[in-house]
Every structure is written in C-alpha cells, then in structure tokens.
$ cat data_34.tsv   # TSV, C-alpha atoms and all ligand atoms
chain	number	residue	atom	x	y	z
A	2	MET	CA	9.27	9.79	-18.86
A	3	ASN	CA	10.98	13.03	-18.02
A	4	PRO	CA	14.68	12.49	-18.78
A	5	ARG	CA	15.55	14.20	-15.48
A	6	GLN	CA	13.38	11.78	-13.55
A	7	ASP	CA	15.37	9.57	-11.20
A	8	ALA	CA	15.15	8.48	-7.60
A	9	THR	CA	16.23	11.89	-6.35
A	10	THR	CA	13.91	14.01	-8.51
A	11	LYS	CA	11.61	16.02	-6.31
A	12	GLN	CA	8.07	14.72	-6.24
A	13	LEU	CA	5.25	16.10	-4.17
A	14	LEU	CA	2.56	13.67	-3.12
A	15	PHE	CA	-0.93	15.07	-3.49
A	16	ILE	CA	-2.48	11.63	-3.24
A	17	PRO	CA	-4.68	11.32	-0.16
A	18	GLY	CA	-2.11	9.24	1.68
A	19	PRO	CA	0.64	8.29	2.06
A	20	VAL	CA	1.55	11.95	2.06
A	21	THR	CA	4.59	14.19	1.70
A	22	VAL	CA	6.51	13.74	4.94
A	23	SER	CA	8.54	16.54	6.52
A	24	PRO	CA	12.36	16.29	6.67
A	25	ALA	CA	12.17	16.21	10.49
A	26	VAL	CA	9.89	13.17	10.46
A	27	LEU	CA	11.96	11.46	7.77
A	28	ALA	CA	15.11	12.08	9.82
A	29	ALA	CA	13.46	10.47	12.83
A	30	MET	CA	13.10	7.29	10.77
A	31	ALA	CA	16.89	7.12	10.50
A	32	ARG	CA	17.49	7.13	14.26
A	33	PRO	CA	19.06	4.02	15.76
A	34	LEU	CA	16.61	1.30	16.68
A	35	ILE	CA	15.79	0.76	20.33
A	36	ASP	CA	14.77	-2.32	22.29
A	37	HIS	CA	11.02	-2.69	21.85
A	38	ARG	CA	10.82	-4.43	25.24
A	39	GLY	CA	12.98	-1.86	27.01
A	40	PRO	CA	12.31	1.32	28.99
A	41	GLU	CA	12.87	3.76	26.11
A	42	TYR	CA	10.21	2.11	23.97
A	43	ALA	CA	7.84	1.97	26.94
A	44	ALA	CA	8.28	5.71	27.42
A	45	LEU	CA	7.75	6.29	23.70
A	46	LEU	CA	4.58	4.19	23.61
A	47	GLY	CA	3.19	6.02	26.64
A	48	ARG	CA	3.98	9.37	25.02
A	49	LEU	CA	2.30	8.31	21.77
A	50	ALA	CA	-0.84	7.19	23.61
A	51	ARG	CA	-1.02	10.43	25.61
A	52	GLY	CA	-0.35	12.43	22.43
A	53	MET	CA	-3.08	10.67	20.49
A	54	GLN	CA	-5.78	10.89	23.17
A	55	PRO	CA	-6.69	14.55	22.57
A	56	ILE	CA	-6.45	14.00	18.81
A	57	PHE	CA	-9.14	11.31	19.13
A	58	GLY	CA	-10.95	13.40	21.74
A	59	THR	CA	-10.81	10.63	24.30
A	60	LYS	CA	-9.53	9.98	27.77
A	61	SER	CA	-9.76	6.27	27.12
A	62	ASP	CA	-7.04	3.93	25.83
A	63	VAL	CA	-5.25	4.29	22.53
A	64	VAL	CA	-3.37	1.21	21.31
A	65	PHE	CA	-1.00	0.84	18.38
A	66	LEU	CA	-0.86	-1.93	15.81
A	67	GLY	CA	1.89	-2.73	13.35
A	68	SER	CA	-0.39	-2.45	10.34
A	69	SER	CA	-1.90	0.04	7.96
A	70	GLY	CA	-5.35	1.45	8.67
A	71	THR	CA	-7.12	-1.64	7.33
A	72	GLY	CA	-5.49	-3.72	10.08
A	73	GLY	CA	-6.95	-1.33	12.65
A	74	LEU	CA	-10.42	-1.71	11.12
A	75	GLU	CA	-10.13	-5.50	11.08
A	76	ALA	CA	-8.87	-5.47	14.68
A	77	ALA	CA	-11.90	-3.43	15.72
A	78	VAL	CA	-14.40	-5.70	14.00
A	79	ALA	CA	-12.71	-8.97	15.00
A	80	SER	CA	-12.26	-7.91	18.62
A	81	MET	CA	-15.69	-6.39	19.20
A	82	PHE	CA	-18.13	-8.86	17.69
A	83	SER	CA	-19.02	-12.54	17.60
A	84	PRO	CA	-20.06	-14.48	14.48
A	85	GLY	CA	-23.69	-14.00	13.59
A	86	GLN	CA	-24.07	-10.59	15.20
A	87	ARG	CA	-25.83	-7.94	13.15
A	88	LEU	CA	-24.19	-4.75	11.98
A	89	LEU	CA	-25.52	-1.74	10.15
A	90	ALA	CA	-22.91	-0.49	7.68
A	91	CYS	CA	-23.19	3.02	6.28
A	92	PRO	CA	-20.74	3.23	3.38
A	93	VAL	CA	-20.28	6.44	1.41
A	94	GLY	CA	-17.65	5.01	-0.94
A	95	VAL	CA	-14.97	2.41	-1.51
A	96	PHE	CA	-13.56	2.37	2.01
A	97	GLY	CA	-16.98	1.99	3.58
A	98	LYS	CA	-17.54	-0.99	1.29
A	99	ARG	CA	-14.23	-2.48	2.37
A	100	PHE	CA	-15.40	-2.14	5.97
A	101	ILE	CA	-18.38	-4.34	5.00
A	102	GLU	CA	-16.08	-6.94	3.44
A	103	ILE	CA	-14.05	-7.06	6.62
A	104	ALA	CA	-17.19	-7.60	8.71
A	105	MET	CA	-18.50	-10.31	6.38
A	106	SER	CA	-15.16	-12.10	6.43
A	107	HIS	CA	-15.64	-12.37	10.20
A	108	ALA	CA	-19.03	-14.05	9.72
A	109	LEU	CA	-21.05	-11.03	10.76
A	110	GLU	CA	-24.45	-10.29	9.30
A	111	VAL	CA	-24.33	-6.90	7.62
A	112	GLU	CA	-27.18	-4.68	6.53
A	113	VAL	CA	-26.31	-1.70	4.39
A	114	LEU	CA	-27.69	1.82	4.50
A	115	GLN	CA	-26.97	3.13	1.00
A	116	THR	CA	-25.92	6.69	0.24
A	117	PRO	CA	-25.36	8.03	-3.30
A	118	LEU	CA	-21.70	8.65	-4.14
A	119	GLY	CA	-20.63	12.22	-3.44
A	120	HIS	CA	-23.19	12.63	-0.67
A	121	ARG	CA	-22.61	12.39	3.04
A	122	LEU	CA	-24.55	10.02	5.23
A	123	ASP	CA	-27.87	11.61	6.13
A	124	PRO	CA	-28.30	11.58	9.94
A	125	ALA	CA	-32.10	11.44	9.62
A	126	GLN	CA	-31.88	8.33	7.44
A	127	LEU	CA	-29.57	6.71	9.95
A	128	THR	CA	-32.04	7.34	12.77
A	129	ALA	CA	-34.92	6.07	10.63
A	130	ARG	CA	-33.05	2.86	9.74
A	131	LEU	CA	-32.14	2.18	13.36
A	132	ARG	CA	-35.74	2.74	14.46
A	133	SER	CA	-37.32	0.69	11.70
A	134	SER	CA	-35.16	-2.41	12.10
A	135	PRO	CA	-37.24	-5.30	13.48
A	136	ARG	CA	-34.18	-6.68	15.32
A	137	PRO	CA	-31.66	-4.45	17.05
A	138	PHE	CA	-28.22	-4.03	15.52
A	139	ASP	CA	-25.19	-5.02	17.60
A	140	GLY	CA	-22.88	-2.62	15.82
A	141	ILE	CA	-22.83	0.38	13.50
A	142	LEU	CA	-19.97	0.99	11.05
A	143	LEU	CA	-19.29	4.61	10.13
A	144	THR	CA	-16.69	6.35	7.98
A	145	HIS	CA	-15.53	9.75	9.13
A	146	ASN	CA	-13.90	10.76	5.88
A	147	GLU	CA	-14.38	8.83	2.64
A	148	THR	CA	-11.18	9.22	0.69
A	149	SER	CA	-12.55	7.72	-2.54
A	150	THR	CA	-15.21	10.40	-3.03
A	151	GLY	CA	-13.81	13.39	-1.10
A	152	VAL	CA	-16.74	13.26	1.30
A	153	GLN	CA	-16.65	13.99	5.01
A	154	ASN	CA	-19.47	12.96	7.30
A	155	ASP	CA	-20.78	15.23	10.02
A	156	MET	CA	-19.79	13.01	12.94
A	157	ALA	CA	-21.44	15.18	15.61
A	158	ALA	CA	-24.74	14.95	13.74
A	159	LEU	CA	-24.36	11.19	13.25
A	160	ALA	CA	-23.61	10.75	16.95
A	161	GLN	CA	-26.78	12.65	17.73
A	162	ALA	CA	-28.72	10.55	15.23
A	163	ILE	CA	-27.57	7.38	17.00
A	164	GLY	CA	-28.35	8.82	20.43
A	165	ASP	CA	-28.54	6.12	23.07
A	166	TYR	CA	-29.13	3.28	20.62
A	167	PRO	CA	-27.30	0.40	22.28
A	168	ALA	CA	-25.10	-0.74	19.34
A	169	ALA	CA	-21.31	-0.43	19.42
A	170	VAL	CA	-20.21	2.32	17.05
A	171	ILE	CA	-16.99	1.68	15.13
A	172	VAL	CA	-15.54	4.59	13.18
A	173	ASP	CA	-13.04	4.55	10.34
A	174	SER	CA	-11.24	7.86	10.73
A	175	VAL	CA	-8.15	6.74	8.82
A	176	SER	CA	-8.21	9.73	6.48
A	177	GLY	CA	-10.03	12.14	8.79
A	178	LEU	CA	-8.32	11.97	12.14
A	179	ALA	CA	-6.23	15.02	13.12
A	180	ALA	CA	-7.40	17.12	10.17
A	181	SER	CA	-10.46	18.48	11.96
A	182	ALA	CA	-11.92	18.36	15.46
A	183	PHE	CA	-12.83	14.88	16.64
A	184	GLU	CA	-14.64	14.19	19.92
A	185	MET	CA	-14.82	10.44	20.40
A	186	ASP	CA	-15.94	10.57	24.05
A	187	ALA	CA	-18.47	13.36	23.62
A	188	TRP	CA	-19.90	11.63	20.55
A	189	GLY	CA	-20.11	8.28	22.33
A	190	PHE	CA	-18.11	6.25	19.80
A	191	ASP	CA	-16.72	2.89	20.91
A	192	VAL	CA	-13.74	2.25	18.67
A	193	VAL	CA	-12.09	4.79	16.36
A	194	VAL	CA	-9.30	3.89	13.95
A	195	GLY	CA	-6.61	6.16	12.51
A	196	ALA	CA	-3.35	5.56	10.65
A	197	THR	CA	0.06	7.21	10.59
A	198	GLN	CA	0.26	8.09	6.90
A	199	LYS	CA	-2.60	10.57	6.60
A	200	ALA	CA	-3.16	13.92	8.36
A	201	LEU	CA	-0.41	13.30	10.91
A	202	ALA	CA	1.98	13.05	7.99
A	203	ALA	CA	4.19	10.19	9.11
A	204	PRO	CA	5.11	7.22	6.91
A	205	PRO	CA	2.66	4.31	6.67
A	206	GLY	CA	3.01	1.37	9.03
A	207	MET	CA	0.98	1.88	12.18
A	208	ALA	CA	-2.70	1.99	13.02
A	209	MET	CA	-3.87	3.87	16.10
A	210	VAL	CA	-6.99	2.47	17.71
A	211	ALA	CA	-8.90	4.31	20.45
A	212	VAL	CA	-11.18	2.12	22.53
A	213	SER	CA	-13.89	3.26	24.95
A	214	ALA	CA	-14.41	1.69	28.39
A	215	ARG	CA	-17.73	0.29	27.15
A	216	ALA	CA	-15.96	-1.30	24.20
A	217	TRP	CA	-13.45	-3.09	26.42
A	218	GLN	CA	-16.40	-4.59	28.33
A	219	ARG	CA	-18.00	-5.79	25.09
A	220	MET	CA	-14.70	-7.25	23.92
A	221	ALA	CA	-14.46	-9.34	27.06
A	222	ARG	CA	-17.64	-11.13	25.92
A	223	ALA	CA	-16.86	-11.31	22.18
A	224	VAL	CA	-15.76	-14.65	20.75
A	225	GLY	CA	-14.84	-13.74	17.17
A	226	SER	CA	-11.64	-15.25	15.79
A	227	ARG	CA	-8.56	-13.07	16.07
A	228	PHE	CA	-4.96	-13.47	17.01
A	229	TYR	CA	-2.48	-10.93	15.65
A	230	LEU	CA	-5.14	-8.22	15.64
A	231	ASP	CA	-6.56	-8.86	19.10
A	232	LEU	CA	-7.13	-5.47	20.73
A	233	ARG	CA	-7.36	-7.03	24.19
A	234	LYS	CA	-3.87	-8.41	23.79
A	235	ALA	CA	-2.68	-4.99	22.62
A	236	ARG	CA	-4.13	-3.47	25.78
A	237	GLU	CA	-2.57	-6.11	28.05
A	238	PHE	CA	0.88	-5.40	26.63
A	239	ALA	CA	0.36	-1.63	26.54
A	240	ALA	CA	-0.03	-1.75	30.32
A	241	HIS	CA	3.65	-2.81	30.36
A	242	GLY	CA	4.77	-0.30	27.73
A	243	GLN	CA	4.91	-2.91	25.00
A	244	THR	CA	3.06	-4.34	22.04
A	245	PRO	CA	2.35	-8.09	21.78
A	246	TRP	CA	4.40	-8.42	18.58
A	247	THR	CA	7.50	-6.67	17.29
A	248	PRO	CA	6.31	-3.13	16.50
A	249	PRO	CA	7.47	-0.93	13.59
A	250	VAL	CA	9.89	0.91	15.88
A	251	SER	CA	11.04	3.50	13.33
A	252	ILE	CA	7.45	4.40	12.47
A	253	ALA	CA	6.70	4.86	16.17
A	254	ILE	CA	9.68	7.21	16.47
A	255	ALA	CA	8.50	9.11	13.39
A	256	LEU	CA	4.96	9.39	14.78
A	257	ASP	CA	6.39	10.85	17.98
A	258	VAL	CA	7.98	13.67	15.96
A	259	ALA	CA	4.84	14.05	13.84
A	260	ILE	CA	2.76	14.58	17.00
A	261	GLU	CA	5.31	17.13	18.27
A	262	ARG	CA	4.94	19.01	15.00
A	263	TYR	CA	1.14	18.80	15.19
A	264	LEU	CA	1.24	20.33	18.68
A	265	ALA	CA	3.73	23.02	17.64
A	266	GLU	CA	1.40	24.11	14.84
A	267	SER	CA	-1.57	23.70	17.25
A	268	PRO	CA	-4.64	21.57	16.53
A	269	ALA	CA	-6.62	24.63	15.40
A	270	GLY	CA	-3.77	25.60	13.07
A	271	VAL	CA	-3.67	22.11	11.56
A	272	TRP	CA	-7.45	22.02	11.11
A	273	SER	CA	-7.56	25.42	9.45
A	274	ARG	CA	-4.62	24.52	7.19
A	275	HIS	CA	-6.48	21.47	5.84
A	276	ALA	CA	-9.74	23.39	5.52
A	277	ARG	CA	-8.07	26.24	3.71
A	278	TYR	CA	-6.14	24.01	1.32
A	279	GLY	CA	-9.40	22.25	0.45
A	280	GLN	CA	-11.14	25.59	-0.12
A	281	ALA	CA	-8.28	26.81	-2.31
A	282	ILE	CA	-8.39	23.69	-4.49
A	283	ARG	CA	-12.17	23.85	-4.85
A	284	ALA	CA	-12.02	27.58	-5.69
A	285	ALA	CA	-9.40	26.86	-8.35
A	286	MET	CA	-11.55	24.11	-9.86
A	287	ALA	CA	-14.59	26.37	-9.95
A	288	ALA	CA	-12.53	29.05	-11.71
A	289	ILE	CA	-11.38	26.69	-14.46
A	290	GLY	CA	-14.77	25.03	-14.90
A	291	VAL	CA	-14.03	21.68	-13.29
A	292	ASP	CA	-16.85	20.31	-11.12
A	293	VAL	CA	-16.10	19.10	-7.63
A	294	PHE	CA	-17.52	15.61	-7.02
A	295	SER	CA	-18.68	16.01	-3.40
A	296	GLN	CA	-21.94	17.78	-2.61
A	297	PRO	CA	-21.61	21.27	-1.08
A	298	ASP	CA	-22.51	20.03	2.41
A	299	ALA	CA	-20.18	17.06	2.17
A	300	HIS	CA	-16.75	18.42	1.26
A	301	SER	CA	-13.81	16.68	2.89
A	302	VAL	CA	-11.01	18.78	4.33
A	303	THR	CA	-8.39	16.16	3.45
A	304	VAL	CA	-9.15	15.35	-0.18
A	305	VAL	CA	-10.89	17.07	-3.06
A	306	ALA	CA	-12.40	14.81	-5.71
A	307	MET	CA	-13.31	16.39	-9.03
A	308	HIS	CA	-15.05	15.16	-12.15
A	309	ALA	CA	-12.71	14.66	-15.07
A	310	PRO	CA	-13.74	17.27	-17.65
A	311	PRO	CA	-15.48	15.71	-20.68
A	312	GLY	CA	-13.06	14.04	-23.07
A	313	ILE	CA	-10.13	14.18	-20.68
A	314	ASP	CA	-8.15	11.00	-20.08
A	315	VAL	CA	-7.45	10.86	-16.35
A	316	ALA	CA	-4.53	8.45	-16.70
A	317	SER	CA	-2.85	10.69	-19.25
A	318	VAL	CA	-3.34	13.80	-17.07
A	319	SER	CA	-1.88	11.99	-14.05
A	320	ALA	CA	1.08	10.77	-16.09
A	321	ALA	CA	1.82	14.25	-17.43
A	322	LEU	CA	1.64	15.74	-13.94
A	323	ARG	CA	4.00	13.08	-12.64
A	324	GLU	CA	6.49	13.13	-15.47
A	325	GLN	CA	6.61	16.80	-16.34
A	326	HIS	CA	5.88	18.46	-13.00
A	327	GLY	CA	6.70	15.94	-10.25
A	328	ILE	CA	3.12	16.28	-8.97
A	329	ILE	CA	1.43	13.05	-7.93
A	330	ILE	CA	-2.36	13.09	-7.74
A	331	GLY	CA	-4.95	10.33	-7.31
A	332	GLY	CA	-7.49	8.98	-9.75
A	333	GLY	CA	-10.84	7.35	-9.13
A	334	GLN	CA	-11.34	3.92	-7.60
A	335	ALA	CA	-13.81	1.16	-8.48
A	336	GLU	CA	-16.76	2.62	-10.44
A	337	LEU	CA	-15.17	6.08	-10.36
A	338	LYS	CA	-11.98	4.89	-12.08
A	339	GLY	CA	-11.28	7.13	-15.07
A	340	LYS	CA	-14.07	9.50	-14.02
A	341	ILE	CA	-12.56	11.59	-11.25
A	342	LEU	CA	-9.27	13.08	-10.12
A	343	ARG	CA	-8.40	13.42	-6.45
A	344	MET	CA	-6.06	15.86	-4.79
A	345	GLY	CA	-5.19	15.49	-1.13
A	346	THR	CA	-4.50	18.35	1.25
A	347	MET	CA	-2.63	16.33	3.87
A	348	GLY	CA	1.09	16.23	4.47
A	349	ASP	CA	4.00	18.61	4.68
A	350	LEU	CA	2.68	20.99	2.04
A	351	THR	CA	2.88	24.76	1.96
A	352	PRO	CA	0.40	27.10	0.26
A	353	GLY	CA	3.14	27.52	-2.35
A	354	ASP	CA	3.06	23.77	-3.00
A	355	ILE	CA	-0.71	23.92	-3.47
A	356	ILE	CA	-0.42	26.86	-5.85
A	357	GLY	CA	2.35	25.11	-7.79
A	358	ALA	CA	0.32	21.91	-8.08
A	359	LEU	CA	-2.76	23.84	-9.21
A	360	ALA	CA	-0.68	25.69	-11.81
A	361	ALA	CA	0.58	22.35	-13.09
A	362	LEU	CA	-2.92	20.84	-13.09
A	363	GLU	CA	-4.51	23.68	-15.00
A	364	THR	CA	-1.65	23.70	-17.49
A	365	VAL	CA	-1.88	19.96	-18.08
A	366	LEU	CA	-5.68	20.09	-18.39
A	367	ARG	CA	-5.35	22.84	-20.99
A	368	GLU	CA	-2.76	20.78	-22.85
A	369	HIS	CA	-5.31	17.97	-22.87
A	370	GLY	CA	-7.94	20.22	-24.45
A	371	HIS	CA	-9.81	21.58	-21.44
A	372	ARG	CA	-10.56	25.24	-22.08
A	373	SER	CA	-9.86	27.71	-19.28
A	374	GLN	CA	-8.27	31.08	-18.89
A	375	SER	CA	-4.57	30.67	-18.14
A	376	GLY	CA	-3.90	31.23	-14.43
A	377	ALA	CA	-7.57	31.48	-13.46
A	378	GLY	CA	-7.36	28.57	-11.05
A	379	VAL	CA	-4.19	29.80	-9.40
A	380	SER	CA	-5.69	33.29	-8.96
A	381	ALA	CA	-8.78	31.88	-7.30
A	382	ALA	CA	-6.65	29.81	-4.93
A	383	LEU	CA	-4.50	32.83	-4.11
A	384	GLU	CA	-7.65	34.74	-3.21
A	385	ILE	CA	-8.34	32.12	-0.57
A	386	PHE	CA	-4.79	32.20	0.78
A	387	ASN	CA	-4.72	35.99	0.88
A	388	ARG	CA	-7.86	36.23	2.99
A	389	LYS	CA	-6.79	37.37	6.42
A	390	ARG	CA	-9.58	35.85	8.44
A	391	LEU	CA	-7.57	33.55	10.68
A	392	PRO	CA	-5.15	34.40	13.46
A	393	GLU	CA	-2.15	33.97	11.23
A	394	PRO	CA	-1.03	30.35	11.52
A	395	ALA	CA	2.50	29.05	11.31
A	396	PHE	CA	1.85	27.27	8.02
A	397	PHE	CA	2.76	30.31	5.96
A	398	GLY	CA	6.27	30.09	7.36
B	401	LIG	N1	-10.28	3.91	5.29
B	401	LIG	C1	-10.11	5.07	4.67
B	401	LIG	C2	-11.16	6.10	4.78
B	401	LIG	C3	-8.98	5.28	3.91
B	401	LIG	O1	-8.79	6.43	3.27
B	401	LIG	C4	-8.02	4.26	3.79
B	401	LIG	C5	-6.82	4.46	2.96
B	401	LIG	O2	-6.71	5.35	2.18
B	401	LIG	C6	-8.25	3.08	4.47
B	401	LIG	C7	-9.39	2.93	5.22
B	401	LIG	C8	-7.29	1.95	4.39
B	401	LIG	O3	-6.15	2.29	5.03
B	401	LIG	P1	-4.77	1.58	4.70
B	401	LIG	O4	-4.51	1.78	3.26
B	401	LIG	O5	-3.86	2.33	5.62
B	401	LIG	O6	-4.92	0.15	5.08

$ encode --input "data_34.tsv" --output "structure tokens"
Amino acid sequence: MNPRQDATTKQLLFIPGPVTVSPAVLAAMARPLIDHRGPEYAALLGRLARGMQPIFGTKSDVVFLGSSGTGGLEAAVASMFSPGQRLLACPVGVFGKRFIEIAMSHALEVEVLQTPLGHRLDPAQLTARLRSSPRPFDGILLTHNETSTGVQNDMAALAQAIGDYPAAVIVDSVSGLAASAFEMDAWGFDVVVGATQKALAAPPGMAMVAVSARAWQRMARAVGSRFYLDLRKAREFAAHGQTPWTPPVSIAIALDVAIERYLAESPAGVWSRHARYGQAIRAAMAAIGVDVFSQPDAHSVTVVAMHAPPGIDVASVSAALREQHGIIIGGGQAELKGKILRMGTMGDLTPGDIIGALAALETVLREHGHRSQSGAGVSAALEIFNRKRLPEPAFFG
C-alpha cells in the first residue's frame, strides 16, 4: 500500500461505473433534504422525467426507482410478463446472463440466442431466430452496452431486425444510456432501463425506467409477482409527483445537476467525448501491443476491454495502478476473470486524466514485463485528442 494512501488521496475511477463524479454533482448530494411528498420534490421529479425523456429518445413516461440498475431490470421483467411466458434472451456477456437469471427467477421460460464473447449481437441471427421459432416469443431481452466485454450493440439495426414482431422488447441500457444517441420511440422498444452511476456520472442509487404506451397496456394484463418494483405503482405515484416508497432524495438532487451538466455540454458533445476517449484508449493499446477484446464492429464507447498480455497478472497490475498511481481500473468477470482488463470512459474525466491513466497503465505493464516503447501509448492517444475534426467541444476546458 502506498504510504500516502488514505481516505483523502486522490483516486480516479476508470472502472465502468460507478464513475468519477464532478464536484458540482457531489456538492448537490450535500444539500438539505426535502420532503419527498412535498411540492419541491414533485417539481424535481417532473424535471428529472422531462430531462431523461430526450436522453432515452422517448416522449413516453420515465419513472424512477430507488435501486441500482438491476432493480430497474427486475422491475421491467416482473411488471411486463406473467409466469410461463416465453422470452428470447440475447446475452453478449455477464450482464445479459444476469438478465436471464432475473427472468427465470420470475418463472419465465427463456430461450437463449448465443453470441461469442467480444462480438455484438448479429441482427440477421436475431431475425432468423424470431422467424424460426415454432411458438412466438412474448418478450425479447436486449443489452445495449455489455460492460463485461466492452461490446456495444447496434440498437438501430436490432430494432430493424425485430421489425413488427409482436414481442415486448426490454433493453438494458444501464451502461449505454446517455453516452451515444438512443432512440427508444423510433426503434420501437417497450421498456428501457438506465442507472445514475454510469454515463450521466451521478452516484449510484437510482434506476431510470422508460416505458412505452404499448408496454403500459401489456402491464395492465400481466400477473407476475411484484411489489416494491411494480412499475405501474411507480407510474401512479409519478402522476402526483411522488414515488411509492421513500426515494433516494439526495441521488435525485444529484441527478438533476448531472442532467444540467449533460445539457450544458450538449448531447452531441457528451457522445463525442465518450467516443473519443474510447478511440484514444484503443489507439494507445494498439501502440503498446495490447489487443482489444471487442471485435472492430463491436467497440463500446463507454468501456474498453483488453486482453491481458501473456504472462501478466491482472490483479497485480490493478493493485499497482491503485496503490502507486491512484488509478482504478476493472478486471474481467466470470470466465474472463484474470484474462482481461477494462477501462471505462464515463465520468468526470478530462483528456488529461485519460492520458495520465494511460501513462500509468503502460508504465505498470512494462514493470510487469510487457515490452513496449516508453510513451508509445500516450503518444497514440494524444494523436487522437489532437485531431481537430469536431466542432471543439467544452470537454477540453
Ligand atoms: N447491466 C449492465 C450492462 C451493467 O453494466 C450493469 C452494471 O455495471 C448492470 C446491468 C447492473 O447494474 P447495477 O450494478 O447498477 O445493478
């Protein structure tokens, strides 16, 4: 342990959520609490819903749950379906598999369309599976961005692949939402789930769930068991500016500031920031001979997963980054544990932070025996940042 390490030592989170939160959002968490059944909270909740609608790309309702993203996914499944209904799950990693576990725990019948790790879901395969099923599916489970493999699905293409197939489409966009364009209404999705602690860069504690008009109709007929996570109840209370249960008030206040910051930077600015940070990290990895895990057509904008170079102990690299440089990165999960490293692009991070983290990573890898030219990764990342192809966004400030 670094002898200087204590609770106040600066650490930058490059894990793919929770992320480094800006001082303004952190300060919002310290504001006095307000009555969650009073007019100020009602105004706040209305503002949050209106703020989130364009981020989801919907004109429909957005409700808020006092839970992490998983609670939002469980709420969607429990509220939409009845035991025995058939779902097609399309996992591309750990979080897609968790989605299956949630569905099975609610007594749903789940068929799985498999995709090799590191690949995105193939729209043609999705269409083929829907067409070839002898019995129609009642629901389709999709992941927008798979945090465990650094893979992002092409949601527009998947929407097209589903076409007018009559199943309800539930989308986990926990680690994708707000980092790139999302068009829930245009793509015909029924329920989309996000969470505060990812691209919007607020602390963890709330799930945001967007629900289409068609989904509310289905929910009226669904008889699955649910109580705390009943989306219909959330909607009933939202009509009065409230949530059914005591909400995480401070997180709601923080999300309000996070949305203000998102708008001040502009959606296009936020999207290009994430895309560019991802490009810079991948360019750095290529320059130091570290292979990116995701396929070229499947790169996520919010997290880069890379193969651990041969002979490199991921746990030891992560520990050295944490203890000597204050840089916190992610490792692999499940079957990828010990095999990959993951670096997120989300949060209150500047290009300088990215460069600093890459400098630390290449240094630590070299100290662990990985051969590369000193500074090669940082130079490659700088090349990306120095390209003047965007209308200059505020994130260089
Ligand atoms: N889905 C995806 C794609 C995620 O990345 C995560 C968390 O990283 C989750 C679901 C679970 O969210 P939470 O940890 O907020 O419950």

$ atom_distance --input "data_34.tsv" --atom1 "atom CA of Arg51 of chain A" --atom2 "atom CA of Val63 of chain A"
8.1 Å

$ closest_residue --input "data_34.tsv" --among "A:Ala221, A:Leu27, A:Leu366, A:Ala200" --to "Arg233 of chain A" --atoms "all atoms listed in the file"
A:Ala221

$ residues_near_ligand --input "data_34.tsv" --ligand "ligand LIG 401 (chain B)" --cutoff "10 Å" --atoms "all atoms listed in the file" --output "VMD selection string"
chain A and resid 16 to 19 68 to 75 93 to 100 143 to 153 172 to 178 194 to 199 205 to 208 303 to 304

$ residues_near_point --input "data_34.tsv" --point "(0.7, 22.8, -3.9)" --cutoff "10 Å" --atoms "all atoms listed in the file" --output "number ranges by chain"
A: 13-15, 278, 281-282, 328, 344-346, 350-361

$ closest_residue --input "data_34.tsv" --among "A:Gly331, A:Gly85, A:Pro268, A:Pro117" --to "Gln296 of chain A" --atoms "only C-alpha atoms"
A:Pro117

$ atom_distance --input "data_34.tsv" --atom1 "atom CA of Ser83 of chain A" --atom2 "atom CA of Ala104 of chain A"
10.3 Å

$ closest_residue --input "data_34.tsv" --among "A:Ala162, A:Leu127, A:Met156, A:Ala284" --to "Val379 of chain A" --atoms "only C-alpha atoms"
A:Ala284

$ closest_residue --input "data_34.tsv" --among "A:Ala129, A:Ala306, A:Met53, A:Val170" --to "Ala90 of chain A" --atoms "all atoms listed in the file"
A:Val170

$ closest_residue --input "data_34.tsv" --among "A:Ser380, A:Gln325, A:Asn154, A:Ser106" --to "Gly119 of chain A" --atoms "all atoms listed in the file"
A:Asn154

$ closest_residue --input "data_34.tsv" --among "A:Gly348, A:Gly339, A:Gly290, A:Pro297" --to "Ala381 of chain A" --atoms "all atoms listed in the file"
A:Gly290

$ atom_distance --input "data_34.tsv" --atom1 "atom CA of Phe138 of chain A" --atom2 "atom CA of Arg87 of chain A"
5.2 Å
